[in-house]
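> My structure is stored as final.txt, with compact mmCIF, C-alpha atoms and all ligand atoms.
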```
# COMPACT_ATOMS: atom_id res chain seq x y z
CA MET R 12 -104.54 5.46 -96.26
CA ASN R 13 -105.85 1.96 -95.51
CA THR R 14 -103.99 -0.16 -92.99
CA PRO R 15 -100.85 -1.47 -94.71
CA ILE R 16 -100.59 -5.21 -95.34
CA PHE R 17 -97.41 -5.34 -93.23
CA ASN R 18 -95.63 -2.94 -90.89
CA CYS R 19 -92.19 -4.24 -91.78
CA VAL R 20 -91.12 -6.41 -94.73
CA THR R 21 -87.58 -7.79 -94.86
CA VAL R 22 -86.18 -8.91 -98.19
CA ILE R 23 -83.27 -11.34 -97.99
CA GLY R 24 -81.38 -11.33 -101.32
CA PRO R 25 -82.22 -7.95 -102.92
CA GLY R 26 -81.27 -9.05 -106.45
CA LEU R 27 -83.56 -8.89 -109.49
CA ILE R 28 -86.66 -10.20 -107.69
CA GLY R 29 -85.94 -8.87 -104.18
CA SER R 30 -85.04 -5.36 -105.35
CA SER R 31 -88.18 -5.25 -107.51
CA ILE R 32 -90.24 -5.99 -104.37
CA LEU R 33 -88.37 -3.25 -102.46
CA ARG R 34 -88.90 -0.75 -105.27
CA ARG R 35 -92.62 -1.53 -105.35
CA ILE R 36 -92.88 -1.03 -101.57
CA LYS R 37 -91.17 2.39 -101.93
CA LYS R 38 -93.80 3.32 -104.49
CA ASP R 39 -96.80 1.88 -102.65
CA ARG R 40 -96.80 2.22 -98.88
CA SER R 41 -100.01 0.22 -98.56
CA ILE R 42 -97.73 -2.84 -98.90
CA ALA R 43 -95.45 -2.02 -95.96
CA THR R 44 -94.59 1.06 -93.91
CA HIS R 45 -90.97 -0.05 -93.46
CA SER R 46 -88.66 -2.15 -95.66
CA VAL R 47 -85.41 -3.86 -94.72
CA ALA R 48 -82.82 -5.50 -96.99
CA TYR R 49 -80.10 -8.00 -96.17
CA ASP R 50 -77.69 -9.87 -98.47
CA SER R 51 -74.76 -12.15 -97.62
CA ASN R 52 -72.72 -10.18 -100.15
CA PRO R 53 -71.77 -6.82 -98.53
CA ASP R 54 -71.27 -5.27 -102.00
CA VAL R 55 -74.97 -5.93 -102.68
CA CYS R 56 -75.91 -4.34 -99.33
CA ASN R 57 -73.83 -1.25 -100.15
CA ARG R 58 -75.37 -1.01 -103.62
CA VAL R 59 -78.90 -1.22 -102.16
CA LYS R 60 -77.93 1.67 -99.83
CA GLU R 61 -76.68 3.73 -102.78
CA LEU R 62 -79.81 3.02 -104.78
CA GLN R 63 -81.96 4.01 -101.75
CA ILE R 64 -84.50 1.32 -102.49
CA ALA R 65 -84.84 0.05 -98.89
CA ASP R 66 -85.62 2.04 -95.73
CA GLU R 67 -82.95 0.08 -93.85
CA VAL R 68 -80.03 -2.12 -94.91
CA CYS R 69 -78.64 -4.71 -92.50
CA PHE R 70 -75.32 -6.51 -92.77
CA ASP R 71 -76.37 -9.50 -90.63
CA PRO R 72 -79.43 -11.79 -90.80
CA LYS R 73 -80.41 -11.42 -87.11
CA SER R 74 -80.96 -7.64 -87.14
CA ALA R 75 -82.56 -7.90 -90.57
CA VAL R 76 -85.44 -10.14 -89.43
CA GLU R 77 -86.06 -9.36 -85.76
CA ASN R 78 -88.66 -6.62 -86.38
CA ALA R 79 -90.21 -8.05 -89.56
CA ASP R 80 -93.86 -9.15 -89.90
CA CYS R 81 -92.95 -10.72 -93.22
CA VAL R 82 -89.59 -12.07 -94.39
CA VAL R 83 -89.18 -12.73 -98.14
CA LEU R 84 -86.43 -15.13 -99.17
CA ALA R 85 -85.41 -13.98 -102.69
CA ILE R 86 -82.21 -16.04 -102.80
CA PRO R 87 -81.16 -19.00 -105.01
CA VAL R 88 -83.17 -22.13 -104.16
CA GLY R 89 -79.99 -23.94 -103.07
CA ALA R 90 -79.42 -21.34 -100.30
CA MET R 91 -82.92 -21.59 -98.72
CA GLU R 92 -82.05 -24.12 -96.00
CA GLU R 93 -78.92 -22.33 -94.78
CA VAL R 94 -80.67 -18.95 -94.54
CA THR R 95 -83.78 -20.42 -92.86
CA LYS R 96 -81.56 -21.91 -90.15
CA GLN R 97 -79.89 -18.50 -89.67
CA ILE R 98 -83.13 -16.50 -89.29
CA ILE R 99 -85.78 -18.68 -87.60
CA PRO R 100 -84.40 -18.19 -84.05
CA TYR R 101 -84.70 -14.40 -84.43
CA MET R 102 -88.05 -14.04 -86.22
CA LYS R 103 -91.02 -12.52 -84.34
CA LYS R 104 -93.81 -14.83 -83.16
CA GLY R 105 -96.64 -14.85 -85.72
CA ALA R 106 -94.46 -13.45 -88.54
CA ILE R 107 -94.83 -14.74 -92.11
CA LEU R 108 -91.94 -16.40 -93.92
CA THR R 109 -92.33 -16.54 -97.69
CA ASP R 110 -90.05 -17.08 -100.68
CA THR R 111 -89.82 -16.45 -104.43
CA GLY R 112 -87.98 -19.65 -105.39
CA SER R 113 -88.48 -21.16 -108.86
CA THR R 114 -88.86 -24.69 -107.45
CA LYS R 115 -91.35 -25.48 -104.71
CA ALA R 116 -91.07 -29.10 -103.45
CA SER R 117 -87.34 -28.67 -102.80
CA VAL R 118 -87.73 -25.26 -101.14
CA ILE R 119 -90.49 -26.57 -98.86
CA ALA R 120 -88.38 -29.62 -97.97
CA ALA R 121 -85.45 -27.30 -97.18
CA ILE R 122 -87.45 -24.88 -95.00
CA GLU R 123 -90.18 -26.88 -93.21
CA PRO R 124 -88.00 -28.96 -90.86
CA HIS R 125 -86.49 -25.77 -89.38
CA LEU R 126 -89.77 -23.91 -88.73
CA THR R 127 -91.12 -23.26 -85.26
CA PRO R 128 -94.93 -23.48 -84.73
CA ASP R 129 -95.25 -19.68 -84.34
CA ILE R 130 -93.96 -18.90 -87.88
CA ILE R 131 -96.40 -18.97 -90.82
CA PHE R 132 -94.69 -20.29 -93.95
CA VAL R 133 -96.30 -19.39 -97.30
CA PRO R 134 -94.32 -20.66 -100.33
CA ALA R 135 -94.74 -18.50 -103.46
CA HIS R 136 -93.24 -18.05 -106.92
CA PRO R 137 -93.68 -14.96 -109.11
CA MET R 138 -93.68 -16.02 -112.78
CA ALA R 139 -91.86 -12.86 -113.80
CA GLY R 140 -88.24 -12.10 -114.42
CA THR R 141 -85.58 -11.25 -116.95
CA GLU R 142 -82.17 -12.60 -117.90
CA PHE R 143 -80.52 -10.00 -115.62
CA SER R 144 -79.71 -10.30 -111.93
CA GLY R 145 -78.57 -8.15 -109.02
CA PRO R 146 -80.05 -5.05 -107.35
CA ASP R 147 -79.60 -2.81 -110.41
CA ALA R 148 -81.71 -5.14 -112.55
CA GLY R 149 -84.98 -4.78 -110.61
CA PHE R 150 -87.87 -2.47 -111.44
CA ASP R 151 -91.13 -1.68 -109.68
CA THR R 152 -93.44 -2.91 -112.46
CA LEU R 153 -91.81 -6.34 -112.86
CA PHE R 154 -94.82 -8.20 -111.42
CA GLU R 155 -97.49 -6.15 -113.19
CA ASN R 156 -100.02 -8.44 -114.86
CA ARG R 157 -97.84 -11.54 -114.30
CA TRP R 158 -98.81 -14.65 -112.36
CA CYS R 159 -97.66 -15.35 -108.83
CA LEU R 160 -98.15 -19.01 -107.92
CA ILE R 161 -98.79 -19.79 -104.26
CA THR R 162 -98.22 -23.38 -103.11
CA PRO R 163 -99.42 -23.77 -99.51
CA THR R 164 -98.23 -26.70 -97.42
CA ALA R 165 -100.51 -28.71 -95.11
CA ASN R 166 -99.42 -26.33 -92.30
CA THR R 167 -99.95 -23.00 -94.09
CA SER R 168 -102.79 -21.05 -92.41
CA GLN R 169 -105.57 -19.41 -94.43
CA GLU R 170 -104.58 -16.10 -92.84
CA GLY R 171 -101.06 -16.48 -94.23
CA ILE R 172 -102.37 -17.37 -97.70
CA ASN R 173 -104.69 -14.34 -97.65
CA LYS R 174 -101.89 -11.95 -96.65
CA ILE R 175 -99.43 -13.18 -99.26
CA THR R 176 -102.18 -13.17 -101.91
CA THR R 177 -102.92 -9.51 -101.10
CA PHE R 178 -99.16 -8.75 -101.01
CA TRP R 179 -98.65 -10.01 -104.59
CA GLN R 180 -101.90 -8.61 -105.93
CA THR R 181 -100.98 -5.16 -104.58
CA MET R 182 -97.69 -5.48 -106.49
CA GLY R 183 -99.76 -5.93 -109.67
CA ALA R 184 -99.65 -9.73 -109.99
CA ASN R 185 -102.48 -12.18 -110.57
CA THR R 186 -102.36 -15.00 -108.07
CA ARG R 187 -103.25 -18.67 -108.21
CA ILE R 188 -103.02 -21.46 -105.65
CA LEU R 189 -101.31 -24.57 -107.03
CA ALA R 190 -100.48 -27.98 -105.58
CA ILE R 191 -96.74 -28.25 -104.91
CA LYS R 192 -95.92 -31.14 -107.29
CA HIS R 193 -98.14 -29.71 -110.00
CA HIS R 194 -96.29 -26.38 -109.76
CA ASP R 195 -92.94 -28.10 -110.28
CA LYS R 196 -94.22 -30.03 -113.34
CA VAL R 197 -95.76 -26.95 -114.96
CA CYS R 198 -92.64 -24.84 -114.34
CA ALA R 199 -90.45 -27.64 -115.71
CA ILE R 200 -92.13 -27.27 -119.11
CA VAL R 201 -92.81 -23.52 -119.26
CA SER R 202 -89.60 -22.24 -117.69
CA HIS R 203 -86.93 -24.81 -116.78
CA LEU R 204 -86.84 -26.84 -120.03
CA PRO R 205 -86.72 -23.69 -122.23
CA HIS R 206 -83.70 -22.50 -120.24
CA LEU R 207 -82.06 -25.93 -120.50
CA ILE R 208 -82.57 -25.88 -124.27
CA ALA R 209 -81.25 -22.30 -124.57
CA PHE R 210 -78.08 -23.09 -122.59
CA THR R 211 -77.57 -26.27 -124.62
CA ILE R 212 -78.09 -24.75 -128.09
CA CYS R 213 -75.55 -22.02 -127.26
CA ASN R 214 -73.09 -24.69 -126.13
CA THR R 215 -73.71 -26.67 -129.32
CA ALA R 216 -73.09 -23.57 -131.44
CA ASP R 217 -69.95 -22.83 -129.43
CA SER R 218 -68.56 -26.33 -129.92
CA LEU R 219 -68.83 -26.22 -133.72
CA GLU R 220 -65.56 -26.13 -135.62
CA GLU R 221 -63.92 -22.68 -135.66
CA GLU R 222 -65.05 -21.68 -139.17
CA THR R 223 -68.76 -22.27 -138.45
CA ARG R 224 -68.57 -20.86 -134.91
CA SER R 225 -67.42 -17.44 -136.07
CA GLU R 226 -70.24 -17.41 -138.61
CA VAL R 227 -72.74 -18.11 -135.82
CA LEU R 228 -71.73 -14.80 -134.29
CA ASP R 229 -71.63 -12.94 -137.62
CA TYR R 230 -74.96 -14.08 -139.03
CA ALA R 231 -77.01 -14.92 -135.91
CA ALA R 232 -80.56 -14.21 -136.98
CA SER R 233 -83.26 -13.47 -134.45
CA GLY R 234 -84.09 -17.17 -133.87
CA PHE R 235 -80.66 -17.87 -132.35
CA ARG R 236 -80.44 -14.39 -130.83
CA ASP R 237 -83.61 -15.04 -128.80
CA PHE R 238 -82.01 -18.19 -127.36
CA THR R 239 -78.89 -16.21 -126.37
CA ARG R 240 -81.03 -13.80 -124.32
CA VAL R 241 -82.45 -16.65 -122.25
CA ALA R 242 -79.01 -18.33 -122.09
CA SER R 243 -77.42 -15.25 -120.52
CA SER R 244 -79.32 -15.89 -117.24
CA ASP R 245 -77.54 -16.32 -113.92
CA PRO R 246 -75.53 -19.59 -113.58
CA THR R 247 -76.01 -20.00 -109.79
CA MET R 248 -79.76 -19.55 -109.99
CA TRP R 249 -80.15 -22.01 -112.87
CA ARG R 250 -77.71 -24.61 -111.52
CA ASP R 251 -79.83 -24.67 -108.36
CA VAL R 252 -83.13 -24.87 -110.30
CA PHE R 253 -81.95 -27.81 -112.43
CA ILE R 254 -80.65 -29.77 -109.45
CA ASN R 255 -83.68 -29.00 -107.27
CA ASN R 256 -86.38 -29.88 -109.81
CA ARG R 257 -84.53 -32.70 -111.51
CA GLU R 258 -87.30 -35.33 -111.65
CA ALA R 259 -89.84 -33.06 -113.36
CA ILE R 260 -87.20 -31.55 -115.68
CA LEU R 261 -85.88 -34.96 -116.73
CA GLU R 262 -89.46 -36.14 -117.41
CA MET R 263 -90.19 -33.09 -119.59
CA LEU R 264 -86.82 -33.42 -121.34
CA ALA R 265 -87.62 -37.08 -122.17
CA ARG R 266 -90.98 -36.06 -123.67
CA PHE R 267 -89.35 -33.23 -125.61
CA THR R 268 -86.66 -35.59 -126.94
CA GLU R 269 -89.35 -38.00 -128.20
CA ASP R 270 -91.18 -35.15 -129.95
CA ALA R 271 -87.92 -33.83 -131.46
CA GLN R 272 -87.19 -37.35 -132.76
CA ALA R 273 -90.69 -37.51 -134.27
CA MET R 274 -90.03 -34.20 -136.01
CA ALA R 275 -86.65 -35.51 -137.27
CA LYS R 276 -88.43 -38.56 -138.72
CA ALA R 277 -91.06 -36.36 -140.39
CA ILE R 278 -88.31 -34.22 -141.96
CA ARG R 279 -86.39 -37.30 -143.13
CA TRP R 280 -89.55 -38.77 -144.81
CA LYS R 281 -90.83 -35.39 -146.02
CA ASP R 282 -94.02 -35.80 -143.99
CA GLU R 283 -95.43 -32.39 -144.87
CA ASP R 284 -98.64 -32.78 -142.83
CA TYR R 285 -96.81 -33.63 -139.59
CA ILE R 286 -94.34 -30.78 -140.05
CA THR R 287 -97.06 -28.24 -140.85
CA GLU R 288 -99.26 -29.35 -137.94
CA THR R 289 -96.31 -29.09 -135.51
CA ILE R 290 -95.50 -25.55 -136.65
CA GLN R 291 -99.18 -24.56 -136.50
CA LYS R 292 -99.40 -25.76 -132.87
CA GLY R 293 -96.45 -23.49 -132.00
CA ARG R 294 -98.15 -20.54 -133.68
CA ARG R 295 -101.38 -21.22 -131.75
CA ILE R 296 -99.51 -21.20 -128.43
CA ARG R 297 -97.83 -17.88 -129.28
CA LYS R 298 -101.20 -16.37 -130.26
CA SER R 299 -102.85 -17.44 -127.01
CA LEU R 300 -99.99 -15.86 -125.00
CA ILE R 301 -100.49 -12.61 -126.92
CA ASP R 302 -104.29 -12.82 -126.35
CA ASN R 303 -103.63 -13.36 -122.60
CA LYS R 304 -101.30 -10.31 -122.61
CA GLN R 305 -98.35 -12.43 -121.42
CA VAL R 306 -96.17 -11.18 -124.34
CA GLN R 307 -96.21 -7.95 -126.37
N1 LIG G 401 -84.53 -14.34 -112.25
C1 LIG G 401 -85.78 -14.68 -112.51
O1 LIG G 401 -86.24 -14.52 -113.63
C2 LIG G 401 -86.63 -15.27 -111.40
C3 LIG G 401 -88.01 -15.25 -111.56
C4 LIG G 401 -88.81 -15.76 -110.53
C5 LIG G 401 -88.23 -16.32 -109.40
N2 LIG G 401 -86.87 -16.35 -109.29
C6 LIG G 401 -86.30 -16.93 -108.08
O2 LIG G 401 -86.13 -15.89 -107.13
C7 LIG G 401 -84.91 -16.06 -106.40
C8 LIG G 401 -84.00 -14.88 -106.64
O3 LIG G 401 -83.67 -14.78 -108.01
P1 LIG G 401 -83.01 -13.45 -108.60
O4 LIG G 401 -83.06 -13.59 -110.07
O5 LIG G 401 -83.57 -12.25 -107.95
O6 LIG G 401 -81.49 -13.65 -108.13
P2 LIG G 401 -80.31 -12.57 -108.01
O7 LIG G 401 -79.05 -13.31 -108.30
O8 LIG G 401 -80.60 -11.34 -108.78
O9 LIG G 401 -80.34 -12.20 -106.43
C9 LIG G 401 -80.14 -13.16 -105.45
C10 LIG G 401 -79.43 -12.50 -104.27
O10 LIG G 401 -79.34 -13.47 -103.22
C11 LIG G 401 -78.10 -13.26 -102.55
N3 LIG G 401 -77.76 -14.46 -101.78
C12 LIG G 401 -77.31 -15.64 -102.26
N4 LIG G 401 -77.08 -16.50 -101.24
C13 LIG G 401 -77.41 -15.84 -100.10
C14 LIG G 401 -77.38 -16.18 -98.72
N5 LIG G 401 -76.97 -17.37 -98.31
N6 LIG G 401 -77.78 -15.23 -97.81
C15 LIG G 401 -78.20 -14.01 -98.21
N7 LIG G 401 -78.22 -13.61 -99.51
C16 LIG G 401 -77.85 -14.53 -100.44
C17 LIG G 401 -77.12 -12.95 -103.67
O11 LIG G 401 -75.96 -12.30 -103.18
C18 LIG G 401 -77.98 -12.07 -104.58
O12 LIG G 401 -77.81 -10.69 -104.29
C19 LIG G 401 -84.35 -17.41 -106.85
O13 LIG G 401 -84.81 -18.42 -105.98
C20 LIG G 401 -84.95 -17.62 -108.22
O14 LIG G 401 -85.08 -19.00 -108.52
C21 LIG G 401 -86.06 -15.81 -110.25
O1 LIG G 402 -88.45 -13.72 -118.41
C1 LIG G 402 -87.41 -14.36 -118.27
O2 LIG G 402 -86.41 -14.15 -118.96
C2 LIG G 402 -87.32 -15.40 -117.26
O3 LIG G 402 -86.41 -16.17 -117.33
C3 LIG G 402 -88.33 -15.45 -116.18
C4 LIG G 402 -88.70 -16.82 -115.67
C5 LIG G 402 -89.22 -17.66 -116.85
O4 LIG G 402 -88.65 -18.68 -117.19
O5 LIG G 402 -90.25 -17.25 -117.41
C6 LIG G 402 -87.53 -17.46 -115.05
C7 LIG G 402 -87.60 -18.14 -113.90
C8 LIG G 402 -88.77 -18.13 -113.09
O6 LIG G 402 -88.77 -18.79 -111.94
C9 LIG G 402 -89.88 -17.40 -113.56
C10 LIG G 402 -89.79 -16.67 -114.70
```
Give the structure from this file in structure tokens form.

Amino acid sequence: MNTPIFNCVTVIGPGLIGSSILRRIKKDRSIATHSVAYDSNPDVCNRVKELQIADEVCFDPKSAVENADCVVLAIPVGAMEEVTKQIIPYMKKGAILTDTGSTKASVIAAIEPHLTPDIIFVPAHPMAGTEFSGPDAGFDTLFENRWCLITPTANTSQEGINKITTFWQTMGANTRILAIKHHDKVCAIVSHLPHLIAFTICNTADSLEEETRSEVLDYAASGFRDFTRVASSDPTMWRDVFINNREAILEMLARFTEDAQAMAKAIRWKDEDYITETIQKGRRIRKSLIDNKQVQ
């Protein structure tokens, strides 16, 4: 076997994303010879033990990170600062610290001030997931053929970028380097706004008068059903994403609102061309996702 990328990888927060990384390491030892898991919730630690997806489970952050060559923070973006403060004093010199957070400017701002010069920080974000969370939700093929976006800071070394690129590529992902602000704008439109809309449409349906609300549940066709899948995502994760990428999300929401108003006007004035063109654009986007194998 070739030399593994890392001797020891520690995953902090073995939920959907973290447990998928651990499962992939179990399957492919060229990623790491040893894996460690730690979670602030002891029930999660015990479940990871039962599932046997990590070589070692720790119940405190210090012992979890002290032998790691790479520590992956797979926790909600609002918890990044607190956990960084807990682990930095105990990390090995020259170790890599990386994360999977859905927002990047806020995560970097939370982590960077607490770094010591001997730790290499490589921010990353796998564009893969589901509406489920927790250690039971993960699976080893989650990152297969999906993008992982890497957003180096001015201090990230090329060696660190190369290692994390190989780490994600070995887990099946395609990688791309993005500027931090650009990442947050792109994710605001492709991921954060769709979730905001899904949560909101479900709330709107729920606040209808009783008679209509029960019919929503009885007759929900696939259009509404698809929104409910996205809307069943984890509240802590999404609360943190909305608050930590608020500028970009509010900008995309303003643009969306303008376009929705334009569509409303076209419907009011029976502007068939505008309506048809808008629907055709949607169909073209769906087709290009299918062509790029990003949906079945
Ligand atoms: N769910 C997705 O689709 C998805 C996709 C890509 C990236 N992400 C990002 O990856 C991260 C993890 O998301 P997830 O869906 O795997 O979440 P998850 O809820 O499945 O798992 C997160 C885990 O972190 C633990 N945790 C929370 N605070 C902690 C703390 N202070 N110390 C230690 N452990 C702590 C929780 O107990 C939980 O087990 C988030 O930053 C999220 O934005 C999520
Ligand atoms: O596939 C889903 O259901 C997801 O919500 C995954 C999804 C997304 O919006 O695409 C969610 C958050 C991320 O940070 C990346 C991926």
> Please, which residues are within 10 Å of (-78.1, -8.0, -111.1) by the file's coordinates, counting only C-alpha atoms, and could they come as a ChimeraX atom specification?
/R:25-28,30,55,142-149,245
> With distances taken over all atoms listed in the file, which of R:Cys81, R:Val252, R:Cys19, R:Ile188 is nearest to ligand LIG 402 (chain G)?
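Looking at the shortest contact to ligand LIG 402 (chain G), the residue is R:Val252.
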> Could you produce a table of the residues of chain R lying within 6 Å of ligand LIG 401 (chain G), with the nearest pair of atoms per residue and their separation in Å rounded to one decimal, using only C-alpha atoms and all ligand atoms, ordered by chain and increasing residue number, as CSV?

```
residue,atom,partner,partner_atom,distance
R:Ile23,CA,G:LIG401,C15,5.7
R:Gly24,CA,G:LIG401,O10,3.5
R:Pro25,CA,G:LIG401,O12,5.4
R:Gly26,CA,G:LIG401,O9,3.3
R:Leu27,CA,G:LIG401,O5,3.7
R:Ile28,CA,G:LIG401,O5,3.7
R:Gly29,CA,G:LIG401,O5,5.6
R:Asp50,CA,G:LIG401,N7,3.9
R:Ser51,CA,G:LIG401,C15,4.0
R:Asn52,CA,G:LIG401,O11,4.9
R:Val55,CA,G:LIG401,O12,5.8
R:Ala85,CA,G:LIG401,C7,4.3
R:Ile86,CA,G:LIG401,O10,3.9
R:Pro87,CA,G:LIG401,O13,3.8
R:Val88,CA,G:LIG401,O13,4.4
R:Ala90,CA,G:LIG401,N5,5.1
R:Val94,CA,G:LIG401,N5,5.5
R:Thr111,CA,G:LIG401,O2,4.6
R:Gly112,CA,G:LIG401,O13,3.5
R:Ser113,CA,G:LIG401,O14,4.0
R:His136,CA,G:LIG401,C5,5.9
R:Pro137,CA,G:LIG401,C4,5.1
R:Met138,CA,G:LIG401,C4,5.4
R:Ala139,CA,G:LIG401,C3,5.1
R:Gly140,CA,G:LIG401,O1,3.2
R:Thr141,CA,G:LIG401,O1,4.7
R:Ser144,CA,G:LIG401,O8,3.4
R:Gly145,CA,G:LIG401,O8,3.8
R:Met248,CA,G:LIG401,O14,5.5
```
> Using only C-alpha atoms and all ligand atoms, which of the listed residues (R:Val47, R:Ala120, R:Cys159, R:Ala273) sits closest to ligand LIG 402 (chain G)?
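Nearest to ligand LIG 402 (chain G): R:Cys159.
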> Can you tell me, as JSON, numbers by chain, what residues are no more than 12 Å from Ile122 of chain R when counting all atoms listed in the file, ignoring any on the same chain fewer than 5 positions away?
{"R": [84, 88, 89, 90, 91, 92, 93, 94, 95, 96, 97, 98, 99, 108, 109, 110, 112, 115, 116, 117, 127, 130, 131, 132, 133, 134, 164]}
> Just how far from atom CA of Asp284 of chain R is atom CA of Phe238 of chain R, in Å to one decimal?
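Atom CA of Asp284 of chain R lies at a distance of 27.0 Å from atom CA of Phe238 of chain R.
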> Select, from R:Val306, R:Val59, R:Ile175, R:Ala65, the residue with the minimum atom-to-atom distance to ligand LIG 402 (chain G), counting all atoms listed in the file.
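Nearest to ligand LIG 402 (chain G): R:Val306.
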> Compare R:Arg224, R:Arg240, R:His125, R:Lys73 by their minimum atom-to-atom distance to ligand LIG 402 (chain G), counting all atoms listed in the file, and give me the closest one.
R:Arg240
> Is it possible to add N, CA and C atoms to segment 111-130 of chain R and hand it back as a PDB file, in the frame of the given file?

```pdb
ATOM      1  N   THR R 111     -89.503 -16.693-103.012  1.00  0.00           N
ATOM      2  CA  THR R 111     -89.820 -16.450-104.430  1.00  0.00           C
ATOM      3  C   THR R 111     -89.197 -17.541-105.304  1.00  0.00           C
ATOM      4  N   GLY R 112     -88.765 -18.630-104.683  1.00  0.00           N
ATOM      5  CA  GLY R 112     -87.980 -19.650-105.390  1.00  0.00           C
ATOM      6  C   GLY R 112     -88.704 -20.272-106.589  1.00  0.00           C
ATOM      7  N   SER R 113     -87.922 -20.609-107.616  1.00  0.00           N
ATOM      8  CA  SER R 113     -88.480 -21.160-108.860  1.00  0.00           C
ATOM      9  C   SER R 113     -88.881 -22.620-108.734  1.00  0.00           C
ATOM     10  N   THR R 114     -88.436 -23.302-107.679  1.00  0.00           N
ATOM     11  CA  THR R 114     -88.860 -24.690-107.450  1.00  0.00           C
ATOM     12  C   THR R 114     -89.589 -24.694-106.110  1.00  0.00           C
ATOM     13  N   LYS R 115     -90.576 -25.562-105.951  1.00  0.00           N
ATOM     14  CA  LYS R 115     -91.350 -25.480-104.710  1.00  0.00           C
ATOM     15  C   LYS R 115     -91.166 -26.703-103.810  1.00  0.00           C
ATOM     16  N   ALA R 116     -91.216 -27.932-104.338  1.00  0.00           N
ATOM     17  CA  ALA R 116     -91.070 -29.100-103.450  1.00  0.00           C
ATOM     18  C   ALA R 116     -89.736 -29.036-102.721  1.00  0.00           C
ATOM     19  N   SER R 117     -88.669 -28.693-103.423  1.00  0.00           N
ATOM     20  CA  SER R 117     -87.340 -28.670-102.800  1.00  0.00           C
ATOM     21  C   SER R 117     -87.218 -27.547-101.772  1.00  0.00           C
ATOM     22  N   VAL R 118     -87.807 -26.395-102.078  1.00  0.00           N
ATOM     23  CA  VAL R 118     -87.730 -25.260-101.140  1.00  0.00           C
ATOM     24  C   VAL R 118     -88.508 -25.595 -99.870  1.00  0.00           C
ATOM     25  N   ILE R 119     -89.676 -26.209-100.040  1.00  0.00           N
ATOM     26  CA  ILE R 119     -90.490 -26.570 -98.860  1.00  0.00           C
ATOM     27  C   ILE R 119     -89.737 -27.615 -98.026  1.00  0.00           C
ATOM     28  N   ALA R 120     -89.131 -28.588 -98.702  1.00  0.00           N
ATOM     29  CA  ALA R 120     -88.380 -29.620 -97.970  1.00  0.00           C
ATOM     30  C   ALA R 120     -87.183 -29.009 -97.246  1.00  0.00           C
ATOM     31  N   ALA R 121     -86.613 -27.946 -97.812  1.00  0.00           N
ATOM     32  CA  ALA R 121     -85.450 -27.300 -97.180  1.00  0.00           C
ATOM     33  C   ALA R 121     -85.851 -26.447 -95.979  1.00  0.00           C
ATOM     34  N   ILE R 122     -87.042 -25.845 -96.044  1.00  0.00           N
ATOM     35  CA  ILE R 122     -87.450 -24.880 -95.000  1.00  0.00           C
ATOM     36  C   ILE R 122     -88.246 -25.527 -93.873  1.00  0.00           C
ATOM     37  N   GLU R 123     -89.216 -26.375 -94.232  1.00  0.00           N
ATOM     38  CA  GLU R 123     -90.180 -26.880 -93.210  1.00  0.00           C
ATOM     39  C   GLU R 123     -89.569 -27.486 -91.957  1.00  0.00           C
ATOM     40  N   PRO R 124     -88.519 -28.327 -92.079  1.00  0.00           N
ATOM     41  CA  PRO R 124     -88.000 -28.960 -90.860  1.00  0.00           C
ATOM     42  C   PRO R 124     -87.430 -27.972 -89.848  1.00  0.00           C
ATOM     43  N   HIS R 125     -87.127 -26.743 -90.285  1.00  0.00           N
ATOM     44  CA  HIS R 125     -86.490 -25.770 -89.380  1.00  0.00           C
ATOM     45  C   HIS R 125     -87.485 -24.756 -88.813  1.00  0.00           C
ATOM     46  N   LEU R 126     -88.776 -24.880 -89.196  1.00  0.00           N
ATOM     47  CA  LEU R 126     -89.770 -23.910 -88.730  1.00  0.00           C
ATOM     48  C   LEU R 126     -90.146 -24.162 -87.281  1.00  0.00           C
ATOM     49  N   THR R 127     -90.531 -23.092 -86.591  1.00  0.00           N
ATOM     50  CA  THR R 127     -91.120 -23.260 -85.260  1.00  0.00           C
ATOM     51  C   THR R 127     -92.628 -23.030 -85.436  1.00  0.00           C
ATOM     52  N   PRO R 128     -93.475 -23.541 -84.510  1.00  0.00           N
ATOM     53  CA  PRO R 128     -94.930 -23.480 -84.730  1.00  0.00           C
ATOM     54  C   PRO R 128     -95.481 -22.061 -84.839  1.00  0.00           C
ATOM     55  N   ASP R 129     -94.738 -21.062 -84.323  1.00  0.00           N
ATOM     56  CA  ASP R 129     -95.250 -19.680 -84.340  1.00  0.00           C
ATOM     57  C   ASP R 129     -94.921 -18.921 -85.632  1.00  0.00           C
ATOM     58  N   ILE R 130     -94.280 -19.568 -86.599  1.00  0.00           N
ATOM     59  CA  ILE R 130     -93.960 -18.900 -87.880  1.00  0.00           C
ATOM     60  C   ILE R 130     -94.901 -19.458 -88.957  1.00  0.00           C
TER      61      ILE R 130
END
```
